[in-house]
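What follows is a short report on a single structure.
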Amino acid sequence: MKFAFVFPGQGSQSVGMMNGYNDLPKIRDTFTEASEILGQDFWTMVTDGQADNLNLTINTQPLMLTAGIAVYRAWSELGGGKPAFLAGHSLGEYTALVAAEALAFEDALKLVRFRAQVMQQAVPEGVGGMAAILGLDDNIIESICTEITNNSDNESLEPANFNSPGQVVIAGHKNAVSQGINLAKEKGAKRAVMLPMSIPSHCALMRPAAQEMQKQLEQTTLQTPNIPVLHNVDAKHHDDISAMKDILAKQLYNPVRWVDIIRTLTAANVTHIAECGPGKVLAGLNKRIDRNLRSSPLTDNETVRQATTELK
């Protein structure tokens, strides 16, 4: 059996998200380690904190990375096998690199906190936005974005996430996103809705953040991954350290090509995918991309233990 692990990004967080893992000590140990590194009590934040605090980008990014690594470590401690591939959605790409031992956990935590800071600073509150478009082909959504950008003096709109066939997220200036929603509905979208996110990720508005991220990455030690990691920008695995740093910076203003990542995995004869961490967002997307793919979210003690026997 050939299997892969994937790691979620922002959007899968919630208060109580780690409650199902209370029988796996490695989970709590990893959160303690992260709290000591960043000087913040992350365990209290996820168990009985406030949702508003949890949803702050500067908290969400290190929290989701910690959660994914905690579950992956628990899996490994229980004797889980080595995946053939790793991948992560947006922020989850950093989690995948830690799991592949290409990036130290401590360095990754500091990197994603910095990433959150520069992303927030790049676009003032209320300037940018994101919207989910359901039920239109990718090329139609791309043409909508191009039309609105070309007809605007200083505003832009782009596809940000190719999540599954018929599910694309667009991002850019808030007014352009609103226009995109209206035009998508005119062209027959089943649903087009603004997302509750103040930061327009994976679009040109993030270029200033990417420049700062590139400088930070140059000061960070990366190693060749011991498990191939498929990157968001091109759905390919890279061994060259310089190329990895470049692609992590470019990720901020390029779309997440999740459909291509999953199709690359299936083309490599991967039959099972485990979503490592809280939530089931990626498992749902993966099934829409390929109905024959078995996608299992590791959301609690039982599913983690079960996967150690099923995925070998």
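Residue numbers start at 1 in each chain; chains themselves are named A, B, ... in the order of the structure tokens; ligands are numbered from 1 in the order shown.
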Go through segment 130-201 of chain A residue by residue and, counting only C-alpha atoms, keep those with an atom at most 10 Å from segment 84-108 of chain A; for each kept residue give the shortest atom pair and its distance in Å to one decimal, ordered by chain and increasing number, as a Markdown table.
| residue | atom | partner | partner_atom | distance |
| --- | --- | --- | --- | --- |
| A:Asn161 | CA | A:Ser90 | CA | 8.9 |
| A:Asn163 | CA | A:His89 | CA | 9.2 |
| A:Ser201 | CA | A:Ser90 | CA | 9.0 |
Do you know which residues are at most 12 Å from Met206 of chain A counting only C-alpha atoms, after dropping those on the same chain fewer than 5 positions away, and could you put them as an mmCIF file with all heavy atoms, in the first residue's frame?
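The result, stored in around-v6.cif:
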data_model
loop_
_atom_site.group_PDB
_atom_site.id
_atom_site.type_symbol
_atom_site.label_atom_id
_atom_site.label_comp_id
_atom_site.auth_asym_id
_atom_site.auth_seq_id
_atom_site.Cartn_x
_atom_site.Cartn_y
_atom_site.Cartn_z
ATOM 1 N N ARG A 115 5.552 34.846 9.296
ATOM 2 C CA ARG A 115 4.693 34.822 8.108
ATOM 3 C C ARG A 115 3.357 35.485 8.398
ATOM 4 O O ARG A 115 2.846 36.293 7.608
ATOM 5 C CB ARG A 115 4.499 33.364 7.668
ATOM 6 C CG ARG A 115 3.635 33.133 6.421
ATOM 7 C CD ARG A 115 3.589 31.637 6.147
ATOM 8 N NE ARG A 115 2.885 31.289 4.918
ATOM 9 C CZ ARG A 115 1.606 30.948 4.862
ATOM 10 N NH1 ARG A 115 0.880 30.928 5.976
ATOM 11 N NH2 ARG A 115 1.049 30.613 3.708
ATOM 12 N N ALA A 116 2.765 35.151 9.534
ATOM 13 C CA ALA A 116 1.486 35.748 9.913
ATOM 14 C C ALA A 116 1.605 37.255 10.089
ATOM 15 O O ALA A 116 0.730 38.016 9.665
ATOM 16 C CB ALA A 116 0.982 35.102 11.209
ATOM 17 N N GLN A 117 2.693 37.687 10.698
ATOM 18 C CA GLN A 117 2.898 39.117 10.934
ATOM 19 C C GLN A 117 3.018 39.892 9.621
ATOM 20 O O GLN A 117 2.363 40.925 9.442
ATOM 21 C CB GLN A 117 4.146 39.325 11.784
ATOM 22 C CG GLN A 117 3.987 38.867 13.230
ATOM 23 C CD GLN A 117 5.302 38.862 13.987
ATOM 24 O OE1 GLN A 117 6.380 38.763 13.395
ATOM 25 N NE2 GLN A 117 5.237 38.959 15.300
ATOM 26 N N VAL A 118 3.847 39.384 8.707
ATOM 27 C CA VAL A 118 4.061 40.140 7.458
ATOM 28 C C VAL A 118 2.829 40.071 6.556
ATOM 29 O O VAL A 118 2.564 41.007 5.792
ATOM 30 C CB VAL A 118 5.332 39.674 6.711
ATOM 31 C CG1 VAL A 118 6.573 39.970 7.539
ATOM 32 C CG2 VAL A 118 5.282 38.194 6.336
ATOM 33 N N MET A 119 2.074 38.991 6.642
ATOM 34 C CA MET A 119 0.826 38.908 5.886
ATOM 35 C C MET A 119 -0.174 39.949 6.391
ATOM 36 O O MET A 119 -0.835 40.625 5.598
ATOM 37 C CB MET A 119 0.222 37.500 5.989
ATOM 38 C CG MET A 119 0.985 36.438 5.211
ATOM 39 S SD MET A 119 0.343 34.758 5.496
ATOM 40 C CE MET A 119 -1.217 34.828 4.587
ATOM 41 N N GLN A 120 -0.276 40.076 7.709
ATOM 42 C CA GLN A 120 -1.205 41.037 8.284
ATOM 43 C C GLN A 120 -0.786 42.464 7.967
ATOM 44 O O GLN A 120 -1.623 43.337 7.693
ATOM 45 C CB GLN A 120 -1.265 40.843 9.807
ATOM 46 C CG GLN A 120 -2.381 41.636 10.488
ATOM 47 C CD GLN A 120 -3.755 41.051 10.214
ATOM 48 O OE1 GLN A 120 -4.087 39.962 10.673
ATOM 49 N NE2 GLN A 120 -4.571 41.766 9.435
ATOM 50 N N GLN A 121 0.519 42.716 7.959
ATOM 51 C CA GLN A 121 1.034 44.060 7.693
ATOM 52 C C GLN A 121 0.934 44.439 6.216
ATOM 53 O O GLN A 121 0.871 45.623 5.876
ATOM 54 C CB GLN A 121 2.494 44.146 8.146
ATOM 55 C CG GLN A 121 2.670 44.062 9.654
ATOM 56 C CD GLN A 121 4.106 43.790 10.063
ATOM 57 O OE1 GLN A 121 5.008 43.680 9.225
ATOM 58 N NE2 GLN A 121 4.332 43.657 11.368
ATOM 59 N N ALA A 122 0.909 43.453 5.337
ATOM 60 C CA ALA A 122 0.938 43.727 3.893
ATOM 61 C C ALA A 122 -0.329 44.417 3.397
ATOM 62 O O ALA A 122 -0.281 45.221 2.467
ATOM 63 C CB ALA A 122 1.162 42.430 3.117
ATOM 64 N N VAL A 123 -1.448 44.098 4.013
ATOM 65 C CA VAL A 123 -2.737 44.631 3.552
ATOM 66 C C VAL A 123 -3.520 45.166 4.749
ATOM 67 O O VAL A 123 -3.873 44.401 5.641
ATOM 68 C CB VAL A 123 -3.568 43.550 2.826
ATOM 69 C CG1 VAL A 123 -4.867 44.122 2.309
ATOM 70 C CG2 VAL A 123 -2.771 42.930 1.694
ATOM 71 N N PRO A 124 -3.816 46.461 4.786
ATOM 72 C CA PRO A 124 -4.591 47.028 5.899
ATOM 73 C C PRO A 124 -5.964 46.372 6.022
ATOM 74 O O PRO A 124 -6.541 45.910 5.037
ATOM 75 C CB PRO A 124 -4.721 48.506 5.518
ATOM 76 C CG PRO A 124 -3.589 48.770 4.575
ATOM 77 C CD PRO A 124 -3.392 47.488 3.820
ATOM 78 N N GLY A 128 -8.530 44.050 1.635
ATOM 79 C CA GLY A 128 -8.582 42.815 0.854
ATOM 80 C C GLY A 128 -9.707 41.896 1.270
ATOM 81 O O GLY A 128 -10.374 42.116 2.291
ATOM 82 N N GLY A 129 -9.916 40.859 0.481
ATOM 83 C CA GLY A 129 -10.943 39.885 0.803
ATOM 84 C C GLY A 129 -10.756 38.597 0.023
ATOM 85 O O GLY A 129 -9.928 38.518 -0.889
ATOM 86 N N SER A 156 -7.063 44.360 -8.114
ATOM 87 C CA SER A 156 -6.772 43.074 -8.744
ATOM 88 C C SER A 156 -7.601 41.969 -8.110
ATOM 89 O O SER A 156 -8.041 42.067 -6.964
ATOM 90 C CB SER A 156 -5.280 42.734 -8.617
ATOM 91 O OG SER A 156 -4.909 42.603 -7.255
ATOM 92 N N GLU A 158 -7.708 37.464 -8.292
ATOM 93 C CA GLU A 158 -7.039 36.261 -8.801
ATOM 94 C C GLU A 158 -7.613 35.007 -8.148
ATOM 95 O O GLU A 158 -8.114 35.066 -7.023
ATOM 96 C CB GLU A 158 -5.536 36.312 -8.476
ATOM 97 C CG GLU A 158 -4.785 37.481 -9.062
ATOM 98 C CD GLU A 158 -3.432 37.637 -8.396
ATOM 99 O OE1 GLU A 158 -2.562 36.769 -8.595
ATOM 100 O OE2 GLU A 158 -3.239 38.629 -7.672
ATOM 101 N N ALA A 160 -7.152 31.996 -5.857
ATOM 102 C CA ALA A 160 -6.215 31.809 -4.750
ATOM 103 C C ALA A 160 -6.053 30.347 -4.357
ATOM 104 O O ALA A 160 -4.961 29.918 -3.998
ATOM 105 C CB ALA A 160 -6.677 32.614 -3.531
ATOM 106 N N ALA A 171 -9.223 35.824 -4.511
ATOM 107 C CA ALA A 171 -8.704 36.782 -3.540
ATOM 108 C C ALA A 171 -8.217 38.037 -4.235
ATOM 109 O O ALA A 171 -7.816 38.005 -5.407
ATOM 110 C CB ALA A 171 -7.566 36.156 -2.737
ATOM 111 N N GLY A 172 -8.243 39.138 -3.510
ATOM 112 C CA GLY A 172 -7.761 40.404 -4.042
ATOM 113 C C GLY A 172 -8.342 41.562 -3.268
ATOM 114 O O GLY A 172 -8.703 41.428 -2.092
ATOM 115 N N HIS A 173 -8.443 42.725 -3.917
ATOM 116 C CA HIS A 173 -9.073 43.876 -3.288
ATOM 117 C C HIS A 173 -10.548 43.565 -3.004
ATOM 118 O O HIS A 173 -11.212 42.904 -3.812
ATOM 119 C CB HIS A 173 -8.958 45.101 -4.183
ATOM 120 C CG HIS A 173 -7.565 45.624 -4.294
ATOM 121 N ND1 HIS A 173 -6.670 45.172 -5.248
ATOM 122 C CD2 HIS A 173 -6.898 46.565 -3.557
ATOM 123 C CE1 HIS A 173 -5.514 45.814 -5.096
ATOM 124 N NE2 HIS A 173 -5.618 46.663 -4.092
ATOM 125 N N ILE A 199 -7.275 38.763 5.543
ATOM 126 C CA ILE A 199 -6.031 38.708 4.777
ATOM 127 C C ILE A 199 -6.281 37.989 3.456
ATOM 128 O O ILE A 199 -6.662 36.816 3.447
ATOM 129 C CB ILE A 199 -4.929 37.980 5.567
ATOM 130 C CG1 ILE A 199 -4.641 38.721 6.869
ATOM 131 C CG2 ILE A 199 -3.654 37.871 4.735
ATOM 132 C CD1 ILE A 199 -3.659 38.020 7.775
ATOM 133 N N PRO A 200 -6.060 38.655 2.327
ATOM 134 C CA PRO A 200 -6.256 38.021 1.012
ATOM 135 C C PRO A 200 -5.025 37.197 0.620
ATOM 136 O O PRO A 200 -4.124 37.683 -0.058
ATOM 137 C CB PRO A 200 -6.456 39.219 0.085
ATOM 138 C CG PRO A 200 -5.643 40.308 0.717
ATOM 139 C CD PRO A 200 -5.697 40.081 2.198
ATOM 140 N N SER A 201 -4.996 35.961 1.052
ATOM 141 C CA SER A 201 -3.825 35.097 0.823
ATOM 142 C C SER A 201 -3.723 34.662 -0.633
ATOM 143 O O SER A 201 -4.713 34.629 -1.366
ATOM 144 C CB SER A 201 -3.933 33.846 1.707
ATOM 145 O OG SER A 201 -4.067 34.207 3.064
ATOM 146 N N GLN A 211 8.324 39.245 -0.073
ATOM 147 C CA GLN A 211 9.677 39.812 -0.066
ATOM 148 C C GLN A 211 10.299 39.721 1.321
ATOM 149 O O GLN A 211 11.474 39.372 1.466
ATOM 150 C CB GLN A 211 9.627 41.268 -0.535
ATOM 151 C CG GLN A 211 9.282 41.429 -2.006
ATOM 152 C CD GLN A 211 9.086 42.881 -2.412
ATOM 153 O OE1 GLN A 211 9.184 43.783 -1.583
ATOM 154 N NE2 GLN A 211 8.806 43.105 -3.691
ATOM 155 N N GLU A 212 9.501 40.003 2.341
ATOM 156 C CA GLU A 212 9.992 39.891 3.717
ATOM 157 C C GLU A 212 10.226 38.432 4.091
ATOM 158 O O GLU A 212 11.181 38.097 4.784
ATOM 159 C CB GLU A 212 8.989 40.530 4.685
ATOM 160 C CG GLU A 212 8.821 42.033 4.509
ATOM 161 C CD GLU A 212 10.142 42.768 4.652
ATOM 162 O OE1 GLU A 212 10.889 42.471 5.611
ATOM 163 O OE2 GLU A 212 10.438 43.630 3.801
ATOM 164 N N MET A 213 9.350 37.569 3.603
ATOM 165 C CA MET A 213 9.488 36.144 3.886
ATOM 166 C C MET A 213 10.746 35.577 3.243
ATOM 167 O O MET A 213 11.438 34.741 3.835
ATOM 168 C CB MET A 213 8.245 35.408 3.368
ATOM 169 C CG MET A 213 8.041 34.037 3.972
ATOM 170 S SD MET A 213 7.624 34.139 5.715
ATOM 171 C CE MET A 213 7.827 32.419 6.185
ATOM 172 N N ALA A 249 8.438 31.341 -0.487
ATOM 173 C CA ALA A 249 8.115 32.768 -0.593
ATOM 174 C C ALA A 249 7.047 32.998 -1.664
ATOM 175 O O ALA A 249 6.078 33.740 -1.443
ATOM 176 C CB ALA A 249 9.372 33.561 -0.916
ATOM 177 N N LYS A 250 7.201 32.339 -2.804
ATOM 178 C CA LYS A 250 6.242 32.501 -3.900
ATOM 179 C C LYS A 250 4.851 31.991 -3.527
ATOM 180 O O LYS A 250 3.843 32.434 -4.081
ATOM 181 C CB LYS A 250 6.740 31.761 -5.142
ATOM 182 C CG LYS A 250 7.930 32.417 -5.827
ATOM 183 C CD LYS A 250 8.410 31.587 -7.005
ATOM 184 C CE LYS A 250 9.599 32.244 -7.690
ATOM 185 N NZ LYS A 250 10.138 31.402 -8.780
ATOM 186 N N GLN A 251 4.804 31.048 -2.588
ATOM 187 C CA GLN A 251 3.519 30.490 -2.174
ATOM 188 C C GLN A 251 2.558 31.574 -1.710
ATOM 189 O O GLN A 251 1.343 31.477 -1.892
ATOM 190 C CB GLN A 251 3.751 29.472 -1.040
ATOM 191 C CG GLN A 251 2.527 28.677 -0.650
ATOM 192 C CD GLN A 251 2.407 28.535 0.853
ATOM 193 O OE1 GLN A 251 2.202 29.503 1.564
ATOM 194 N NE2 GLN A 251 2.547 27.306 1.323
ATOM 195 N N LEU A 252 3.084 32.662 -1.136
ATOM 196 C CA LEU A 252 2.228 33.700 -0.587
ATOM 197 C C LEU A 252 1.413 34.432 -1.652
ATOM 198 O O LEU A 252 0.323 34.922 -1.362
ATOM 199 C CB LEU A 252 3.071 34.718 0.196
ATOM 200 C CG LEU A 252 3.497 34.290 1.599
ATOM 201 C CD1 LEU A 252 4.463 35.301 2.195
ATOM 202 C CD2 LEU A 252 2.292 34.122 2.504
ATOM 203 N N TYR A 253 1.945 34.527 -2.874
ATOM 204 C CA TYR A 253 1.198 35.262 -3.915
ATOM 205 C C TYR A 253 0.849 34.394 -5.121
ATOM 206 O O TYR A 253 0.477 34.904 -6.171
ATOM 207 C CB TYR A 253 1.962 36.520 -4.352
ATOM 208 C CG TYR A 253 3.326 36.295 -4.962
ATOM 209 C CD1 TYR A 253 3.470 36.061 -6.326
ATOM 210 C CD2 TYR A 253 4.467 36.340 -4.179
ATOM 211 C CE1 TYR A 253 4.716 35.862 -6.899
ATOM 212 C CE2 TYR A 253 5.728 36.145 -4.733
ATOM 213 C CZ TYR A 253 5.849 35.912 -6.092
ATOM 214 O OH TYR A 253 7.086 35.715 -6.653
ATOM 215 N N ASN A 254 0.939 33.091 -4.972
ATOM 216 C CA ASN A 254 0.515 32.155 -6.009
ATOM 217 C C ASN A 254 -0.606 31.272 -5.471
ATOM 218 O O ASN A 254 -0.683 31.026 -4.260
ATOM 219 C CB ASN A 254 1.685 31.275 -6.449
ATOM 220 C CG ASN A 254 2.579 31.968 -7.461
ATOM 221 O OD1 ASN A 254 2.311 31.948 -8.658
ATOM 222 N ND2 ASN A 254 3.637 32.600 -6.973
ATOM 223 N N PRO A 255 -1.471 30.768 -6.344
ATOM 224 C CA PRO A 255 -2.584 29.950 -5.859
ATOM 225 C C PRO A 255 -2.136 28.599 -5.319
ATOM 226 O O PRO A 255 -1.123 28.040 -5.748
ATOM 227 C CB PRO A 255 -3.462 29.773 -7.108
ATOM 228 C CG PRO A 255 -2.539 29.967 -8.264
ATOM 229 C CD PRO A 255 -1.529 30.977 -7.811
#
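If only C-alpha atoms are the atoms counted, then among A:Ser12, A:Val127, A:Ile141, A:Glu218 the closest residue to Lys174 of chain A is A:Val127.
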Considering only C-alpha atoms, tabulate each residue of segment 68-171 of chain A that lies at most 6 Å from segment 192-198 of chain A along with its nearest interatomic pair and the corresponding distance in Å to one decimal; arrange the rows by chain and ascending residue number and present them as JSON lines.
{"residue": "A:Gly129", "atom": "CA", "partner": "A:Ser198", "partner_atom": "CA", "distance": 5.9}
{"residue": "A:Met130", "atom": "CA", "partner": "A:Leu195", "partner_atom": "CA", "distance": 5.5}
{"residue": "A:Ala131", "atom": "CA", "partner": "A:Met194", "partner_atom": "CA", "distance": 4.1}
{"residue": "A:Ala132", "atom": "CA", "partner": "A:Val193", "partner_atom": "CA", "distance": 5.5}
{"residue": "A:Ile133", "atom": "CA", "partner": "A:Ala192", "partner_atom": "CA", "distance": 4.5}
I need the residues from that last selection saved to file as a PDB file, in the first residue's frame (with N, CA, C and O atoms), if you can.
ATOM      1  N   GLY A 129      -9.916  40.859   0.481  1.00  0.00           N
ATOM      2  CA  GLY A 129     -10.943  39.885   0.803  1.00  0.00           C
ATOM      3  C   GLY A 129     -10.756  38.597   0.023  1.00  0.00           C
ATOM      4  O   GLY A 129      -9.928  38.518  -0.889  1.00  0.00           O
ATOM      5  N   MET A 130     -11.520  37.580   0.408  1.00  0.00           N
ATOM      6  CA  MET A 130     -11.505  36.289  -0.279  1.00  0.00           C
ATOM      7  C   MET A 130     -12.938  35.792  -0.389  1.00  0.00           C
ATOM      8  O   MET A 130     -13.775  36.098   0.461  1.00  0.00           O
ATOM      9  N   ALA A 131     -13.207  35.025  -1.433  1.00  0.00           N
ATOM     10  CA  ALA A 131     -14.552  34.473  -1.615  1.00  0.00           C
ATOM     11  C   ALA A 131     -14.458  33.059  -2.183  1.00  0.00           C
ATOM     12  O   ALA A 131     -13.547  32.749  -2.957  1.00  0.00           O
ATOM     13  N   ALA A 132     -15.394  32.229  -1.793  1.00  0.00           N
ATOM     14  CA  ALA A 132     -15.477  30.861  -2.323  1.00  0.00           C
ATOM     15  C   ALA A 132     -16.501  30.835  -3.451  1.00  0.00           C
ATOM     16  O   ALA A 132     -17.617  31.347  -3.306  1.00  0.00           O
ATOM     17  N   ILE A 133     -16.092  30.241  -4.572  1.00  0.00           N
ATOM     18  CA  ILE A 133     -16.976  30.109  -5.738  1.00  0.00           C
ATOM     19  C   ILE A 133     -17.196  28.623  -5.991  1.00  0.00           C
ATOM     20  O   ILE A 133     -16.248  27.880  -6.199  1.00  0.00           O
TER      21      ILE A 133
END
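What separates atom CA of Val169 of chain A from atom CA of Leu205 of chain A is a distance of 15.0 Å.
Of the residues listed (A:Val177, A:Val71, A:Leu293, A:Leu157), A:Val177 shows the shortest atom-to-atom separation from Gly126 of chain A; distances use only C-alpha atoms.
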I'd like the contact shell of Asp290 of chain A - 10 Å cut-off, only C-alpha atoms, skipping same-chain residues fewer than 3 positions apart - returned as an mmCIF file with C-alpha atoms, in the first residue's frame.
data_model
loop_
_atom_site.group_PDB
_atom_site.id
_atom_site.type_symbol
_atom_site.label_atom_id
_atom_site.label_comp_id
_atom_site.auth_asym_id
_atom_site.auth_seq_id
_atom_site.Cartn_x
_atom_site.Cartn_y
_atom_site.Cartn_z
ATOM 1 C CA SER A 164 -11.404 20.716 -5.856
ATOM 2 C CA PRO A 165 -13.256 20.561 -9.174
ATOM 3 C CA VAL A 259 -6.251 19.554 -7.173
ATOM 4 C CA ILE A 262 -3.844 15.161 -5.210
ATOM 5 C CA ARG A 263 -3.683 14.168 -8.874
ATOM 6 C CA THR A 266 -2.738 9.369 -7.453
ATOM 7 C CA LEU A 285 -11.696 17.938 -0.870
ATOM 8 C CA ASN A 286 -9.663 14.830 -1.673
ATOM 9 C CA LYS A 287 -12.786 12.723 -2.174
ATOM 10 C CA LEU A 293 -8.957 7.670 -3.216
ATOM 11 C CA ARG A 294 -9.347 6.637 0.400
ATOM 12 C CA SER A 295 -8.896 9.741 2.539
#
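Distance annotation: of A:Leu65, A:Ala74, A:Ala184, A:Ile273, the residue with the minimal separation from Arg28 of chain A is A:Ala74; atom set is only C-alpha atoms.
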* To do: From a DSSP calculation on the backbone, collect every residue of segment 24-185 of chain A in strand (DSSP E or B) and output the set as a list in words.
  => Phe85, Leu86, Ala87, Gly88, Gly128, Gly129, Met130, Ala131, Ala132, Ile133, Leu134, Leu157, Glu158, Pro159, Ala160, Asn161, Phe162, Asn163, Ser164, Gln167, Val168, Val169, Ile170, Ala171, Gly172 and His173 of chain A
Next, the residues of the selection above should be written as a JSON list (two decimals), in the first residue's frame with N, CA, C and O atoms.
[["chain", "number", "residue", "atom", "x", "y", "z"],
["A", 85, "PHE", "N", 4.68, 10.17, 0.50],
["A", 85, "PHE", "CA", 4.70, 11.59, 0.19],
["A", 85, "PHE", "C", 4.08, 12.37, 1.34],
["A", 85, "PHE", "O", 3.30, 11.83, 2.13],
["A", 86, "LEU", "N", 4.41, 13.67, 1.38],
["A", 86, "LEU", "CA", 3.78, 14.60, 2.30],
["A", 86, "LEU", "C", 3.35, 15.84, 1.52],
["A", 86, "LEU", "O", 3.95, 16.18, 0.51],
["A", 87, "ALA", "N", 2.30, 16.49, 2.01],
["A", 87, "ALA", "CA", 1.87, 17.76, 1.42],
["A", 87, "ALA", "C", 1.06, 18.51, 2.45],
["A", 87, "ALA", "O", 0.55, 17.90, 3.42],
["A", 88, "GLY", "N", 0.93, 19.81, 2.27],
["A", 88, "GLY", "CA", 0.13, 20.60, 3.18],
["A", 88, "GLY", "C", -0.57, 21.71, 2.43],
["A", 88, "GLY", "O", -0.04, 22.24, 1.45],
["A", 128, "GLY", "N", -8.53, 44.05, 1.64],
["A", 128, "GLY", "CA", -8.58, 42.82, 0.85],
["A", 128, "GLY", "C", -9.71, 41.90, 1.27],
["A", 128, "GLY", "O", -10.37, 42.12, 2.29],
["A", 129, "GLY", "N", -9.92, 40.86, 0.48],
["A", 129, "GLY", "CA", -10.94, 39.88, 0.80],
["A", 129, "GLY", "C", -10.76, 38.60, 0.02],
["A", 129, "GLY", "O", -9.93, 38.52, -0.89],
["A", 130, "MET", "N", -11.52, 37.58, 0.41],
["A", 130, "MET", "CA", -11.50, 36.29, -0.28],
["A", 130, "MET", "C", -12.94, 35.79, -0.39],
["A", 130, "MET", "O", -13.78, 36.10, 0.46],
["A", 131, "ALA", "N", -13.21, 35.02, -1.43],
["A", 131, "ALA", "CA", -14.55, 34.47, -1.61],
["A", 131, "ALA", "C", -14.46, 33.06, -2.18],
["A", 131, "ALA", "O", -13.55, 32.75, -2.96],
["A", 132, "ALA", "N", -15.39, 32.23, -1.79],
["A", 132, "ALA", "CA", -15.48, 30.86, -2.32],
["A", 132, "ALA", "C", -16.50, 30.84, -3.45],
["A", 132, "ALA", "O", -17.62, 31.35, -3.31],
["A", 133, "ILE", "N", -16.09, 30.24, -4.57],
["A", 133, "ILE", "CA", -16.98, 30.11, -5.74],
["A", 133, "ILE", "C", -17.20, 28.62, -5.99],
["A", 133, "ILE", "O", -16.25, 27.88, -6.20],
["A", 134, "LEU", "N", -18.45, 28.19, -6.00],
["A", 134, "LEU", "CA", -18.78, 26.79, -6.20],
["A", 134, "LEU", "C", -19.59, 26.61, -7.48],
["A", 134, "LEU", "O", -20.50, 27.40, -7.76],
["A", 157, "LEU", "N", -7.80, 40.91, -8.88],
["A", 157, "LEU", "CA", -8.53, 39.74, -8.43],
["A", 157, "LEU", "C", -7.92, 38.51, -9.08],
["A", 157, "LEU", "O", -7.63, 38.52, -10.29],
["A", 158, "GLU", "N", -7.71, 37.46, -8.29],
["A", 158, "GLU", "CA", -7.04, 36.26, -8.80],
["A", 158, "GLU", "C", -7.61, 35.01, -8.15],
["A", 158, "GLU", "O", -8.11, 35.07, -7.02],
["A", 159, "PRO", "N", -7.51, 33.85, -8.82],
["A", 159, "PRO", "CA", -7.79, 32.58, -8.14],
["A", 159, "PRO", "C", -6.73, 32.36, -7.06],
["A", 159, "PRO", "O", -5.54, 32.54, -7.32],
["A", 160, "ALA", "N", -7.15, 32.00, -5.86],
["A", 160, "ALA", "CA", -6.21, 31.81, -4.75],
["A", 160, "ALA", "C", -6.05, 30.35, -4.36],
["A", 160, "ALA", "O", -4.96, 29.92, -4.00],
["A", 161, "ASN", "N", -7.14, 29.59, -4.42],
["A", 161, "ASN", "CA", -7.09, 28.16, -4.06],
["A", 161, "ASN", "C", -7.89, 27.35, -5.08],
["A", 161, "ASN", "O", -9.10, 27.57, -5.22],
["A", 162, "PHE", "N", -7.23, 26.44, -5.77],
["A", 162, "PHE", "CA", -7.94, 25.45, -6.59],
["A", 162, "PHE", "C", -8.13, 24.23, -5.70],
["A", 162, "PHE", "O", -7.32, 23.30, -5.69],
["A", 163, "ASN", "N", -9.23, 24.23, -4.93],
["A", 163, "ASN", "CA", -9.40, 23.25, -3.86],
["A", 163, "ASN", "C", -9.92, 21.90, -4.35],
["A", 163, "ASN", "O", -9.50, 20.85, -3.87],
["A", 164, "SER", "N", -10.85, 21.94, -5.27],
["A", 164, "SER", "CA", -11.40, 20.72, -5.86],
["A", 164, "SER", "C", -12.16, 21.13, -7.11],
["A", 164, "SER", "O", -12.43, 22.32, -7.30],
["A", 167, "GLN", "N", -14.72, 24.00, -6.99],
["A", 167, "GLN", "CA", -14.57, 24.77, -5.76],
["A", 167, "GLN", "C", -13.26, 25.55, -5.81],
["A", 167, "GLN", "O", -12.18, 24.97, -5.66],
["A", 168, "VAL", "N", -13.38, 26.84, -6.06],
["A", 168, "VAL", "CA", -12.21, 27.72, -6.18],
["A", 168, "VAL", "C", -12.41, 28.92, -5.27],
["A", 168, "VAL", "O", -13.52, 29.45, -5.17],
["A", 169, "VAL", "N", -11.34, 29.34, -4.61],
["A", 169, "VAL", "CA", -11.37, 30.55, -3.80],
["A", 169, "VAL", "C", -10.67, 31.66, -4.58],
["A", 169, "VAL", "O", -9.61, 31.44, -5.17],
["A", 170, "ILE", "N", -11.27, 32.85, -4.60],
["A", 170, "ILE", "CA", -10.66, 34.00, -5.26],
["A", 170, "ILE", "C", -10.22, 34.99, -4.19],
["A", 170, "ILE", "O", -10.77, 35.02, -3.08],
["A", 171, "ALA", "N", -9.22, 35.82, -4.51],
["A", 171, "ALA", "CA", -8.70, 36.78, -3.54],
["A", 171, "ALA", "C", -8.22, 38.04, -4.23],
["A", 171, "ALA", "O", -7.82, 38.00, -5.41],
["A", 172, "GLY", "N", -8.24, 39.14, -3.51],
["A", 172, "GLY", "CA", -7.76, 40.40, -4.04],
["A", 172, "GLY", "C", -8.34, 41.56, -3.27],
["A", 172, "GLY", "O", -8.70, 41.43, -2.09],
["A", 173, "HIS", "N", -8.44, 42.72, -3.92],
["A", 173, "HIS", "CA", -9.07, 43.88, -3.29],
["A", 173, "HIS", "C", -10.55, 43.57, -3.00],
["A", 173, "HIS", "O", -11.21, 42.90, -3.81]]
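When only C-alpha atoms are used to compute distances to Ala70 of chain A, the closest of the residues A:Asp29, A:Asp52, A:Glu36, A:Asp260 turns out to be A:Asp29.
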* In Å, how far is it from atom CA of Gly79 of chain A to atom CA of Gly20 of chain A? -> 19.5 Å
* Could you please write out, as a VMD selection string, every residue of segment 116-262 of chain A that DSSP assigns to alpha helix (DSSP H)? => chain A and resid 116 to 122 138 to 150 174 to 186 207 to 218 241 to 250 258 to 262
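Among A:Asn175, A:Ala34, A:Cys145, A:Lys236, the residue with the shortest atom-to-atom distance to Cys203 of chain A, counting only C-alpha atoms, is A:Cys145.
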* Please provide the set of residues having any atom within 12 Å of Leu183 of chain A, restricted to only C-alpha atoms, with same-chain residues fewer than 4 positions apart removed, written as a ChimeraX atom specification. => /A:133,136,140-148,176-179,187-189,191-193
* Determine, counting only C-alpha atoms, which protein, DNA and RNA residues have an atom within 8 Å of an atom of Phe42 of chain A; residues of the same chain fewer than 2 positions away are not included. Present the result as a ChimeraX atom specification. => /A:31-32,34-35,40,44-46,63
* Write out as a count of residues only each polymer residue whose atoms come within 9 Å of segment 298-300 of chain A, counting only C-alpha atoms; drop sequence neighbours fewer than 4 positions from it. => 18
